[in-house]
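**Q** Below is the file model-v8.tsv, with TSV, C-alpha atoms.
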```tsv
chain	number	residue	atom	x	y	z
T	1	ALA	CA	114.96	79.08	194.95
T	2	ARG	CA	113.58	82.30	193.51
T	3	ILE	CA	114.53	85.99	193.69
T	4	VAL	CA	112.10	88.64	192.42
T	5	ILE	CA	113.04	92.31	191.95
T	6	ASP	CA	109.92	94.14	190.83
T	7	SER	CA	108.59	97.70	190.71
T	8	CYS	CA	111.57	99.30	192.47
T	9	THR	CA	112.85	102.87	192.06
T	10	VAL	CA	116.47	101.89	191.40
T	11	ASP	CA	118.98	102.19	188.56
T	12	LEU	CA	120.31	98.63	188.92
T	13	GLY	CA	118.40	95.46	189.67
T	14	VAL	CA	121.61	93.48	190.28
T	15	TYR	CA	125.10	94.96	190.68
T	16	ASN	CA	127.81	92.30	190.79
T	17	ASP	CA	131.49	92.91	191.52
T	18	GLY	CA	132.30	89.42	192.80
T	19	LEU	CA	130.96	85.93	192.07
T	20	PHE	CA	127.22	85.75	191.40
T	21	ARG	CA	125.89	82.21	190.86
T	22	ILE	CA	122.32	81.48	189.85
T	23	SER	CA	120.92	77.99	190.41
T	24	GLY	CA	117.26	78.97	190.68
T	25	GLU	CA	115.13	81.71	189.15
T	26	LEU	CA	116.00	85.41	189.05
T	27	GLU	CA	113.24	87.73	187.88
T	28	ILE	CA	113.80	91.47	187.33
T	29	SER	CA	111.00	93.69	186.08
T	30	ASN	CA	109.36	97.14	186.14
T	31	LEU	CA	112.24	99.16	187.55
T	32	ASP	CA	111.05	102.74	187.95
T	33	SER	CA	113.97	104.73	186.49
T	34	THR	CA	114.78	105.94	182.98
T	35	GLU	CA	118.45	104.89	183.38
T	36	GLU	CA	117.96	101.53	185.02
T	37	GLN	CA	119.65	98.30	183.97
T	38	ALA	CA	118.45	94.90	185.07
T	39	MET	CA	121.96	93.55	185.68
T	40	LEU	CA	125.48	95.03	185.63
T	41	ASN	CA	128.30	92.50	185.93
T	42	LEU	CA	131.85	93.68	186.66
T	43	ASP	CA	133.31	90.32	187.64
T	44	THR	CA	131.81	86.80	187.30
T	45	VAL	CA	128.26	85.56	186.72
T	46	ARG	CA	127.41	81.88	186.29
T	47	ILE	CA	123.96	80.52	185.49
T	48	ASP	CA	123.74	76.80	186.30
T	49	THR	CA	121.70	74.28	184.30
T	50	THR	CA	118.89	74.68	186.83
T	51	GLY	CA	119.09	78.48	186.74
T	52	ASN	CA	117.27	81.04	184.66
T	53	ILE	CA	116.95	84.82	184.37
T	54	ILE	CA	113.71	86.53	183.38
T	55	ILE	CA	113.84	90.24	182.53
T	56	PHE	CA	110.94	92.34	181.28
T	57	ASN	CA	109.69	95.93	181.20
T	58	ILE	CA	113.11	97.56	181.62
T	59	ASN	CA	113.69	101.04	180.16
T	60	ASN	CA	117.39	100.52	179.53
T	61	LYS	CA	119.73	97.52	179.17
T	62	GLY	CA	118.85	94.02	180.22
T	63	ILE	CA	122.29	92.55	180.93
T	64	ASN	CA	125.40	94.74	180.81
T	65	ASN	CA	128.46	92.48	181.02
T	66	GLU	CA	131.86	94.04	181.78
T	67	GLY	CA	133.38	90.84	183.18
T	68	TYR	CA	132.94	87.09	182.65
T	69	PHE	CA	129.45	85.74	182.06
T	70	SER	CA	128.76	82.01	181.57
T	71	CYS	CA	125.35	80.47	181.05
T	72	PHE	CA	124.30	76.82	181.27
T	73	GLY	CA	120.65	77.69	181.89
T	74	ASP	CA	118.13	80.04	180.26
T	75	ILE	CA	117.80	83.79	179.76
T	76	ASP	CA	114.44	85.31	178.74
T	77	ILE	CA	114.22	89.06	178.03
T	78	LYS	CA	111.12	90.92	176.80
T	79	HIS	CA	110.00	94.55	176.54
T	80	ASN	CA	113.28	96.31	177.25
T	81	GLY	CA	114.16	99.82	176.05
T	82	ASP	CA	117.77	99.38	174.90
T	83	TRP	CA	120.14	96.48	174.21
T	84	SER	CA	118.92	93.25	175.75
T	85	ILE	CA	122.52	92.06	176.21
T	86	ASP	CA	125.51	94.42	176.02
T	87	ASN	CA	128.74	92.41	176.15
T	88	ASN	CA	131.98	94.30	176.74
T	89	ASN	CA	134.25	91.42	177.74
T	90	LEU	CA	133.59	87.63	177.64
T	91	PHE	CA	130.15	86.07	177.32
T	92	ILE	CA	129.78	82.29	176.88
T	93	LEU	CA	126.53	80.41	176.35
T	94	ASP	CA	127.74	76.89	177.19
T	95	SER	CA	124.30	75.34	176.94
T	96	GLY	CA	120.71	76.37	177.53
T	97	MET	CA	118.81	79.08	175.70
T	98	ILE	CA	118.66	82.83	175.25
T	99	PHE	CA	115.28	84.08	174.07
T	100	LEU	CA	114.71	87.76	173.23
T	101	ASP	CA	111.38	89.10	171.97
T	102	SER	CA	109.40	92.36	171.75
T	103	ILE	CA	112.57	94.30	172.48
T	104	ASP	CA	114.10	97.60	171.41
T	105	SER	CA	117.41	95.94	170.40
T	106	GLY	CA	118.91	92.48	170.69
T	107	ILE	CA	122.58	91.76	171.43
T	108	ILE	CA	125.56	94.06	171.00
T	109	ASN	CA	128.93	92.33	171.24
T	110	ARG	CA	131.99	94.57	171.69
T	111	LYS	CA	134.52	91.85	172.62
T	112	ILE	CA	134.22	88.01	172.70
T	113	PHE	CA	130.91	86.14	172.56
T	114	GLU	CA	130.63	82.36	172.13
T	115	ASN	CA	127.50	80.31	171.57
T	116	ARG	CA	128.71	76.76	172.10
T	117	LEU	CA	127.44	73.48	170.63
T	118	ASN	CA	124.49	73.02	172.99
T	119	GLY	CA	123.52	76.68	173.08
T	120	SER	CA	120.51	78.23	171.36
T	121	ILE	CA	119.84	81.95	170.79
T	122	THR	CA	116.52	83.16	169.37
T	123	ILE	CA	116.01	86.84	168.61
T	124	GLY	CA	112.43	87.79	167.86
T	125	TYR	CA	110.77	91.13	167.20
T	126	THR	CA	112.91	94.24	167.61
T	127	THR	CA	111.13	97.59	167.57
T	128	ARG	CA	113.99	99.99	166.73
T	129	ASN	CA	117.54	98.74	166.36
T	130	PHE	CA	119.21	95.52	165.27
T	131	GLY	CA	118.94	91.90	166.27
T	132	PHE	CA	122.69	91.30	166.69
T	133	TYR	CA	125.40	93.95	166.36
T	134	ASN	CA	128.98	92.62	166.33
T	135	ASN	CA	130.59	95.95	167.08
T	136	SER	CA	134.20	96.08	168.27
T	137	SER	CA	136.82	98.80	167.76
T	138	PHE	CA	140.05	99.23	165.79
T	139	PHE	CA	142.15	99.15	168.99
T	140	ASP	CA	140.23	96.27	170.57
T	141	PRO	CA	138.84	93.95	167.87
T	142	GLY	CA	136.35	91.27	168.85
T	143	SER	CA	134.52	88.25	167.48
T	144	PHE	CA	131.43	86.09	167.70
T	145	HIS	CA	131.65	82.30	167.40
T	146	ASN	CA	128.48	80.29	166.82
T	147	TYR	CA	128.71	76.54	167.29
T	148	GLY	CA	125.06	76.06	168.25
T	149	ILE	CA	121.87	77.69	166.98
T	150	LEU	CA	121.39	81.40	166.30
T	151	ALA	CA	117.93	82.19	164.92
T	152	PHE	CA	116.42	85.52	163.87
T	153	GLU	CA	112.65	85.84	163.58
T	154	ASP	CA	110.43	88.77	162.69
T	155	LEU	CA	112.86	91.69	162.92
T	156	ALA	CA	111.94	95.28	162.07
T	157	ASN	CA	115.43	96.38	161.01
T	158	LYS	CA	118.75	94.79	160.04
T	159	ALA	CA	118.95	91.40	161.66
T	160	LEU	CA	122.74	90.96	161.91
T	161	ILE	CA	125.50	93.55	161.46
T	162	ASN	CA	129.15	92.51	161.50
T	163	ASN	CA	131.04	95.78	161.69
T	164	PHE	CA	134.41	96.94	160.33
T	165	TYR	CA	136.60	95.55	163.16
T	166	SER	CA	134.72	92.38	164.09
T	167	GLU	CA	134.81	88.79	162.90
T	168	PHE	CA	131.85	86.43	162.72
T	169	HIS	CA	132.44	82.65	162.69
T	170	ASN	CA	129.62	80.15	162.11
T	171	THR	CA	130.10	76.42	162.54
T	172	GLY	CA	126.57	75.76	163.76
T	173	THR	CA	123.18	76.83	162.38
T	174	LEU	CA	122.42	80.45	161.56
T	175	SER	CA	118.89	81.16	160.33
T	176	PHE	CA	116.78	84.15	159.33
T	177	ARG	CA	113.01	83.80	159.04
T	178	ASP	CA	110.04	86.12	159.22
T	179	LYS	CA	107.56	83.92	161.02
T	180	PHE	CA	104.68	86.40	160.58
T	181	GLN	CA	105.20	87.02	156.86
T	182	THR	CA	102.32	85.95	154.62
T	183	THR	CA	102.97	87.87	151.38
T	184	MET	CA	106.28	88.20	149.58
T	185	GLY	CA	107.27	91.84	149.15
T	186	SER	CA	105.16	93.12	152.06
T	187	SER	CA	106.41	95.93	154.28
T	188	THR	CA	107.27	93.83	157.34
T	189	GLY	CA	110.60	92.21	158.11
T	190	PRO	CA	114.19	93.43	158.29
T	191	ARG	CA	115.73	95.71	155.68
T	192	VAL	CA	118.55	93.22	155.24
T	193	CYS	CA	119.31	89.95	157.00
T	194	LEU	CA	123.10	90.23	157.10
T	195	ASP	CA	125.10	93.45	156.70
T	196	ASN	CA	128.73	92.28	156.64
T	197	GLN	CA	131.36	95.01	156.89
T	198	ASN	CA	134.41	92.93	157.82
T	199	LYS	CA	135.18	89.17	157.98
T	200	PHE	CA	132.40	86.59	157.89
T	201	TYR	CA	133.15	82.85	157.81
T	202	ASN	CA	130.65	80.04	157.35
T	203	HIS	CA	132.99	77.18	158.21
T	204	PRO	CA	132.76	73.49	157.16
T	205	GLY	CA	129.64	72.05	158.76
T	206	GLY	CA	128.11	75.53	159.10
T	207	ILE	CA	124.51	75.96	157.97
T	208	PHE	CA	123.31	79.41	156.88
T	209	ILE	CA	119.59	79.66	156.07
T	210	ILE	CA	117.47	82.58	154.89
T	211	ASP	CA	113.83	81.69	154.34
T	212	SER	CA	110.64	83.68	153.69
T	213	ILE	CA	112.18	87.13	154.07
T	214	ASN	CA	110.88	90.00	151.97
T	215	VAL	CA	114.02	92.13	151.60
T	216	ASP	CA	117.71	91.59	150.70
T	217	GLY	CA	119.48	88.57	152.15
T	218	ILE	CA	123.23	89.31	152.31
T	219	MET	CA	124.90	92.68	151.84
T	220	ASN	CA	128.66	92.04	151.77
T	221	GLN	CA	131.05	94.99	151.90
T	222	ASP	CA	134.28	93.18	152.84
T	223	SER	CA	134.95	89.43	153.01
T	224	PHE	CA	132.43	86.58	153.03
T	225	VAL	CA	133.75	82.99	152.84
T	226	ASN	CA	131.40	80.02	152.65
T	227	GLU	CA	132.85	76.57	153.33
T	228	GLY	CA	129.56	75.07	154.47
T	229	MET	CA	125.99	75.32	153.20
T	230	VAL	CA	124.11	78.53	152.36
T	231	SER	CA	120.43	78.18	151.46
T	232	MET	CA	118.32	81.21	150.51
T	233	ASN	CA	114.65	80.66	149.68
T	234	GLU	CA	111.68	82.97	149.09
T	235	ILE	CA	113.48	86.30	149.18
T	236	GLY	CA	111.54	89.49	148.45
T	237	GLY	CA	114.68	91.46	147.51
T	238	HIS	CA	118.08	90.37	146.22
T	239	ALA	CA	119.75	87.29	147.65
T	240	ILE	CA	123.24	88.84	147.56
T	241	VAL	CA	124.45	92.41	147.04
T	242	ASN	CA	128.25	92.33	146.94
T	243	SER	CA	130.81	95.14	146.93
T	244	GLY	CA	133.60	93.16	148.63
T	245	ASP	CA	135.09	89.68	148.19
T	246	PHE	CA	132.55	86.87	148.20
T	247	MET	CA	133.87	83.30	147.95
T	248	ASN	CA	131.83	80.12	147.78
T	249	LYS	CA	133.85	76.96	148.44
T	250	ASP	CA	131.00	74.55	149.09
T	251	SER	CA	127.25	74.92	148.49
T	252	LEU	CA	125.22	78.07	147.72
T	253	ILE	CA	121.58	77.49	146.75
T	254	ILE	CA	119.22	80.38	145.89
T	255	SER	CA	115.56	79.93	144.92
T	256	PHE	CA	112.25	81.80	144.51
T	257	LEU	CA	113.12	85.49	144.44
T	258	ASP	CA	111.12	88.60	143.58
T	259	SER	CA	114.26	90.37	142.27
T	260	THR	CA	117.60	89.67	140.60
T	261	ALA	CA	119.37	87.01	142.65
T	262	ILE	CA	122.93	88.39	142.74
T	263	ILE	CA	124.07	91.99	142.29
T	264	ASN	CA	127.86	92.27	142.07
T	265	GLU	CA	128.80	95.94	142.25
T	266	SER	CA	131.80	97.59	140.57
T	267	GLU	CA	134.16	97.00	143.54
T	268	GLY	CA	132.99	93.43	144.01
T	269	LEU	CA	134.66	90.07	143.37
T	270	ILE	CA	132.64	86.86	143.45
T	271	GLU	CA	134.44	83.53	143.09
T	272	ASN	CA	132.71	80.17	142.97
T	273	GLN	CA	134.86	77.16	143.88
T	274	GLY	CA	131.95	74.91	144.82
T	275	PHE	CA	128.33	74.41	143.78
T	276	MET	CA	126.13	77.44	143.07
T	277	SER	CA	122.49	77.26	142.00
T	278	ILE	CA	119.90	79.95	141.17
T	279	ASP	CA	116.32	78.80	140.54
T	280	SER	CA	113.10	80.72	139.89
T	281	THR	CA	113.76	84.46	139.99
T	282	LYS	CA	111.27	87.01	138.71
T	283	GLU	CA	114.15	89.07	137.30
T	284	SER	CA	117.70	88.13	136.17
T	285	GLY	CA	120.02	85.62	137.76
T	286	ILE	CA	123.13	87.82	137.95
T	287	ILE	CA	123.95	91.44	137.17
T	288	ASN	CA	127.72	91.78	137.27
T	289	ASP	CA	129.38	95.23	137.38
T	290	GLY	CA	132.56	93.89	139.02
T	291	SER	CA	134.47	90.62	138.59
T	292	PHE	CA	132.87	87.18	138.64
T	293	VAL	CA	134.98	84.01	138.40
T	294	ASN	CA	133.48	80.51	138.15
T	295	LYS	CA	135.81	77.57	138.84
T	296	ASP	CA	133.30	74.80	139.51
T	297	GLU	CA	129.57	74.05	139.03
T	298	PHE	CA	127.11	76.88	138.42
T	299	ARG	CA	123.48	76.22	137.45
T	300	MET	CA	120.65	78.61	136.72
T	301	ARG	CA	117.05	78.07	135.54
T	302	ASN	CA	113.55	79.51	135.47
T	303	ASN	CA	114.47	83.20	135.38
T	304	GLY	CA	111.89	85.83	134.55
T	305	GLU	CA	114.50	87.88	132.70
T	306	SER	CA	118.09	87.30	131.49
T	307	GLY	CA	120.44	84.69	132.89
T	308	ILE	CA	123.74	86.59	133.26
T	309	ILE	CA	124.11	90.29	132.49
T	310	ASN	CA	127.82	91.09	132.46
T	311	LYS	CA	128.89	94.74	132.46
T	312	HIS	CA	132.55	94.31	133.40
T	313	TYR	CA	134.48	91.00	133.75
T	314	PHE	CA	133.13	87.44	133.84
T	315	SER	CA	135.36	84.36	133.57
T	316	ASN	CA	134.42	80.70	133.40
T	317	GLU	CA	137.68	78.88	134.15
T	318	THR	CA	138.89	75.54	132.72
T	319	SER	CA	137.34	73.67	135.67
T	320	GLY	CA	134.09	75.63	135.40
T	321	ASN	CA	130.71	74.39	134.16
T	322	ILE	CA	127.78	76.76	133.61
T	323	THR	CA	124.24	75.58	132.79
T	324	ILE	CA	121.42	78.04	132.07
T	325	GLN	CA	117.95	76.66	131.34
T	326	ASN	CA	114.36	77.64	130.75
T	327	LEU	CA	114.28	81.44	130.73
T	328	SER	CA	111.09	83.43	130.13
T	329	SER	CA	110.04	84.27	126.58
T	330	ASN	CA	112.57	86.23	124.49
T	331	ARG	CA	115.09	86.53	127.32
T	332	ASP	CA	118.84	86.22	126.74
T	333	ALA	CA	120.99	83.62	128.45
T	334	LEU	CA	124.32	85.51	128.30
T	335	TYR	CA	124.19	89.26	127.78
T	336	ASN	CA	127.67	90.80	127.59
T	337	PHE	CA	126.67	94.41	127.87
T	338	GLY	CA	128.85	97.45	127.12
T	339	ASP	CA	132.01	98.35	125.23
T	340	THR	CA	134.24	97.65	128.25
T	341	SER	CA	132.65	94.34	129.23
T	342	THR	CA	134.68	91.13	128.91
T	343	PHE	CA	133.34	87.58	128.98
T	344	LEU	CA	135.93	84.77	128.90
T	345	ASN	CA	135.06	81.08	128.64
T	346	ASN	CA	137.78	78.48	129.20
T	347	GLY	CA	135.39	75.80	130.46
T	348	SER	CA	131.96	74.43	129.50
T	349	ILE	CA	128.71	76.35	129.02
T	350	TYR	CA	125.36	74.72	128.21
T	351	LEU	CA	122.34	76.85	127.25
T	352	ASP	CA	119.02	75.03	127.10
T	353	ARG	CA	115.44	76.04	126.27
T	354	ILE	CA	116.29	79.66	125.54
T	355	SER	CA	113.74	81.53	123.40
T	356	GLY	CA	115.77	84.77	123.22
T	357	ASN	CA	119.44	85.03	122.33
T	358	GLY	CA	121.78	82.39	123.64
T	359	ILE	CA	124.58	84.97	123.55
T	360	LEU	CA	124.07	88.70	123.02
T	361	ASN	CA	127.45	90.41	122.88
T	362	ILE	CA	128.13	94.16	122.82
T	363	GLY	CA	131.61	93.90	124.33
T	364	THR	CA	134.48	91.40	124.13
T	365	PHE	CA	133.46	87.74	124.17
T	366	THR	CA	136.14	85.04	124.00
T	367	ASN	CA	135.43	81.30	123.86
T	368	ASN	CA	138.38	78.92	124.26
T	369	ASP	CA	136.45	75.73	125.00
T	370	SER	CA	132.84	74.56	124.74
T	371	ILE	CA	129.49	76.38	124.43
T	372	ILE	CA	126.49	74.23	123.52
T	373	LEU	CA	123.02	75.55	122.70
T	374	GLY	CA	120.48	72.76	122.95
T	375	ASN	CA	116.71	72.50	122.72
T	376	ILE	CA	116.22	76.09	121.58
T	377	ALA	CA	112.55	76.88	122.17
```
Show me the file's structure as structure tokens.

**A**
Amino acid sequence: ARIVIDSCTVDLGVYNDGLFRISGELEISNLDSTEEQAMLNLDTVRIDTTGNIIIFNINNKGINNEGYFSCFGDIDIKHNGDWSIDNNNLFILDSGMIFLDSIDSGIINRKIFENRLNGSITIGYTTRNFGFYNNSSFFDPGSFHNYGILAFEDLANKALINNFYSEFHNTGTLSFRDKFQTTMGSSTGPRVCLDNQNKFYNHPGGIFIIDSINVDGIMNQDSFVNEGMVSMNEIGGHAIVNSGDFMNKDSLIISFLDSTAIINESEGLIENQGFMSIDSTKESGIINDGSFVNKDEFRMRNNGESGIINKHYFSNETSGNITIQNLSSNRDALYNFGDTSTFLNNGSIYLDRISGNGILNIGTFTNNDSIILGNIA
């Protein structure tokens, strides 16, 4: 079965205030009104496994959900003039696929949105706004839960914003790629992949991938907790810019960057309780203006400039191991910079193939355990 709504002078393609069930194909396109929306749901919409919605050439919103929306089929939205999906209540992708491309803006979630294990969401090129905006309010906080696949490709602005009153939970696969990028540092791509302003959790089993993106990867302003795997490769900007609390409890791997890998600002706290690796940056590995605490394994190699530049407080705890290897010519491994800077080592530090200073201290440097300089070039 197929329903086509095309080239009509109406504000709403579908208005639902009851039960609307889609087992075939629903196509909505070319509505001739500046205020039109393809679909407004006030009650219940269900898309069966055999059902799909196709929306294109809409001046305003694609799907505006004020009720309960469940999808077992597919949703395809292209060439719309506002948010492709505006969720104000409960939206569940049980299975199937949502594909958004050549759109003004992707998904705005103001309440509860779940992408379940067999669900897949792909957000392609956005012309003006964001790919996904998790945007609830102080009086009515919301959340997004990803158990399936959420992929961002070729975005013109910020890919994902998690705002001040929203929570983002990832147990599936979350990826950011610029599929049309050919040169690192070019002008295309989003300004930042993730702008986190509240609580972001990458849970055990969660996979977080940033690959071939030419601007900053993660900008964290509140709380970011990784208990899964974070992989960041070929980044044109910084991998992480942190002014909140950033905690790694499992695996964080950063490689091939045009800039300094991690910037920890004065308000920031970064704590590593797992495995952290930085490989092949054109600039320094870490510039720390806040507090950085290492309690497990931290490795760094092949930096174009210094390894760690500490301007405030850096602590390697008794359980911590730091290895820095193979820096560019005349670059320092540990640079404790400034009269108020403090570097405390209670664990193990190994500095290898360093042609500059192993340790350059202009602040307070305290070693209570082991620092080994080996194979000095």

**Q** Dump as a PDB file with C-alpha atoms, keeping the file's coordinate frame all residues having an atom at most 9 Å from (133.8, 88.8, 168.8), computed in the file's coordinates with all atoms listed in the file.

**A**
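Resulting contents of point-v8.pdb:
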```pdb
ATOM      1  CA  LEU T  90     133.590  87.630 177.640  1.00  0.00           C
ATOM      2  CA  ASN T 109     128.930  92.330 171.240  1.00  0.00           C
ATOM      3  CA  ARG T 110     131.990  94.570 171.690  1.00  0.00           C
ATOM      4  CA  LYS T 111     134.520  91.850 172.620  1.00  0.00           C
ATOM      5  CA  ILE T 112     134.220  88.010 172.700  1.00  0.00           C
ATOM      6  CA  PHE T 113     130.910  86.140 172.560  1.00  0.00           C
ATOM      7  CA  GLU T 114     130.630  82.360 172.130  1.00  0.00           C
ATOM      8  CA  ASN T 134     128.980  92.620 166.330  1.00  0.00           C
ATOM      9  CA  ASN T 135     130.590  95.950 167.080  1.00  0.00           C
ATOM     10  CA  SER T 136     134.200  96.080 168.270  1.00  0.00           C
ATOM     11  CA  PRO T 141     138.840  93.950 167.870  1.00  0.00           C
ATOM     12  CA  GLY T 142     136.350  91.270 168.850  1.00  0.00           C
ATOM     13  CA  SER T 143     134.520  88.250 167.480  1.00  0.00           C
ATOM     14  CA  PHE T 144     131.430  86.090 167.700  1.00  0.00           C
ATOM     15  CA  HIS T 145     131.650  82.300 167.400  1.00  0.00           C
ATOM     16  CA  SER T 166     134.720  92.380 164.090  1.00  0.00           C
ATOM     17  CA  GLU T 167     134.810  88.790 162.900  1.00  0.00           C
ATOM     18  CA  PHE T 168     131.850  86.430 162.720  1.00  0.00           C
ATOM     19  CA  HIS T 169     132.440  82.650 162.690  1.00  0.00           C
TER      20      HIS T 169
END
```

**Q** For a test of reading the model, state the distance in Å between atom CA of T:Lys295 and atom CA of T:Ser315, rounded to one decimal.

**A**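 Computed distance, atom CA of T:Lys295 to atom CA of T:Ser315, equals 8.6 Å.
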
**Q** In the coordinate frame of the file, compute which residues have an atom within 12 Å of (135.8, 79.0, 130.6) when using all atoms listed in the file, and state them as a PyMOL selection string.

**A** chain T and resi 292-298+314-322+343-350+365-371

**Q** With a distance cut-off of 10 Å and all atoms listed in the file, select the neighbouring residues of T:His79, excluding the residue or stretch itself and same-chain residues fewer than 4 positions from it, and output the selection as a list in words.

**A**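 Listing them by chain and then by number gives Ser29, Asn30, Ile55, Phe56, Asn57, Ile58, Asn59, Asn60, Gly62, Ser84, Leu100, Asp101, Ser102, Ile103, Asp104, Ser105, Tyr125, Thr126 and Thr127 of chain T.
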
**Q** Produce a file of the selected residues containing C-alpha atoms, as a PDB file, in the coordinates of the input.

**A**
```
ATOM      1  CA  SER T  29     111.000  93.690 186.080  1.00  0.00           C
ATOM      2  CA  ASN T  30     109.360  97.140 186.140  1.00  0.00           C
ATOM      3  CA  ILE T  55     113.840  90.240 182.530  1.00  0.00           C
ATOM      4  CA  PHE T  56     110.940  92.340 181.280  1.00  0.00           C
ATOM      5  CA  ASN T  57     109.690  95.930 181.200  1.00  0.00           C
ATOM      6  CA  ILE T  58     113.110  97.560 181.620  1.00  0.00           C
ATOM      7  CA  ASN T  59     113.690 101.040 180.160  1.00  0.00           C
ATOM      8  CA  ASN T  60     117.390 100.520 179.530  1.00  0.00           C
ATOM      9  CA  GLY T  62     118.850  94.020 180.220  1.00  0.00           C
ATOM     10  CA  SER T  84     118.920  93.250 175.750  1.00  0.00           C
ATOM     11  CA  LEU T 100     114.710  87.760 173.230  1.00  0.00           C
ATOM     12  CA  ASP T 101     111.380  89.100 171.970  1.00  0.00           C
ATOM     13  CA  SER T 102     109.400  92.360 171.750  1.00  0.00           C
ATOM     14  CA  ILE T 103     112.570  94.300 172.480  1.00  0.00           C
ATOM     15  CA  ASP T 104     114.100  97.600 171.410  1.00  0.00           C
ATOM     16  CA  SER T 105     117.410  95.940 170.400  1.00  0.00           C
ATOM     17  CA  TYR T 125     110.770  91.130 167.200  1.00  0.00           C
ATOM     18  CA  THR T 126     112.910  94.240 167.610  1.00  0.00           C
ATOM     19  CA  THR T 127     111.130  97.590 167.570  1.00  0.00           C
TER      20      THR T 127
END
```

**Q** What is the atom CA of T:Val192-atom CA of T:Asp94 distance in Å, reported with one decimal?

**A**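 These atoms are spaced 28.9 Å apart.
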
**Q** Could you pull the residues within 7 Å of T:His203, counting only C-alpha atoms, minus those fewer than 5 positions along the same chain, as a PyMOL selection string?

**A** chain T and resi 170-171+226-228

**Q** Selection from above, C-alpha atoms, as a PDB file, in the coordinates of the input, can you write it?

**A**
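Dumped to part_4.pdb:
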```pdb
ATOM      1  CA  ASN T 170     129.620  80.150 162.110  1.00  0.00           C
ATOM      2  CA  THR T 171     130.100  76.420 162.540  1.00  0.00           C
ATOM      3  CA  ASN T 226     131.400  80.020 152.650  1.00  0.00           C
ATOM      4  CA  GLU T 227     132.850  76.570 153.330  1.00  0.00           C
ATOM      5  CA  GLY T 228     129.560  75.070 154.470  1.00  0.00           C
TER       6      GLY T 228
END
```

**Q** Considering all atoms listed in the file, state which residue in the set T:Tyr147, T:Tyr335, T:Phe176, T:Tyr133 is at the smallest distance from T:Gln197.

**A**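 Using all atoms listed in the file, the shortest distance to T:Gln197 belongs to T:Tyr133.
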
**Q** For the atom pair atom CA of T:Asn198 and atom CA of T:Gly237, what is the interatomic distance in Å to one decimal place?

**A** 22.3 Å

**Q** Excluding T:Asn89 and residues on its chain fewer than 2 positions from it, collect all residues at most 6 Å away from it, counting only C-alpha atoms, and give them as a list in words.

**A**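 My list of contacting residues is Glu66, Gly67, Asn87 and Lys111 of chain T.
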
**Q** Excluding same-chain residues fewer than 4 positions from stretch 267-284 of chain T, what lies within 7 Å of it counting only C-alpha atoms, as a ChimeraX atom specification?

**A** /T:242-261,290-308
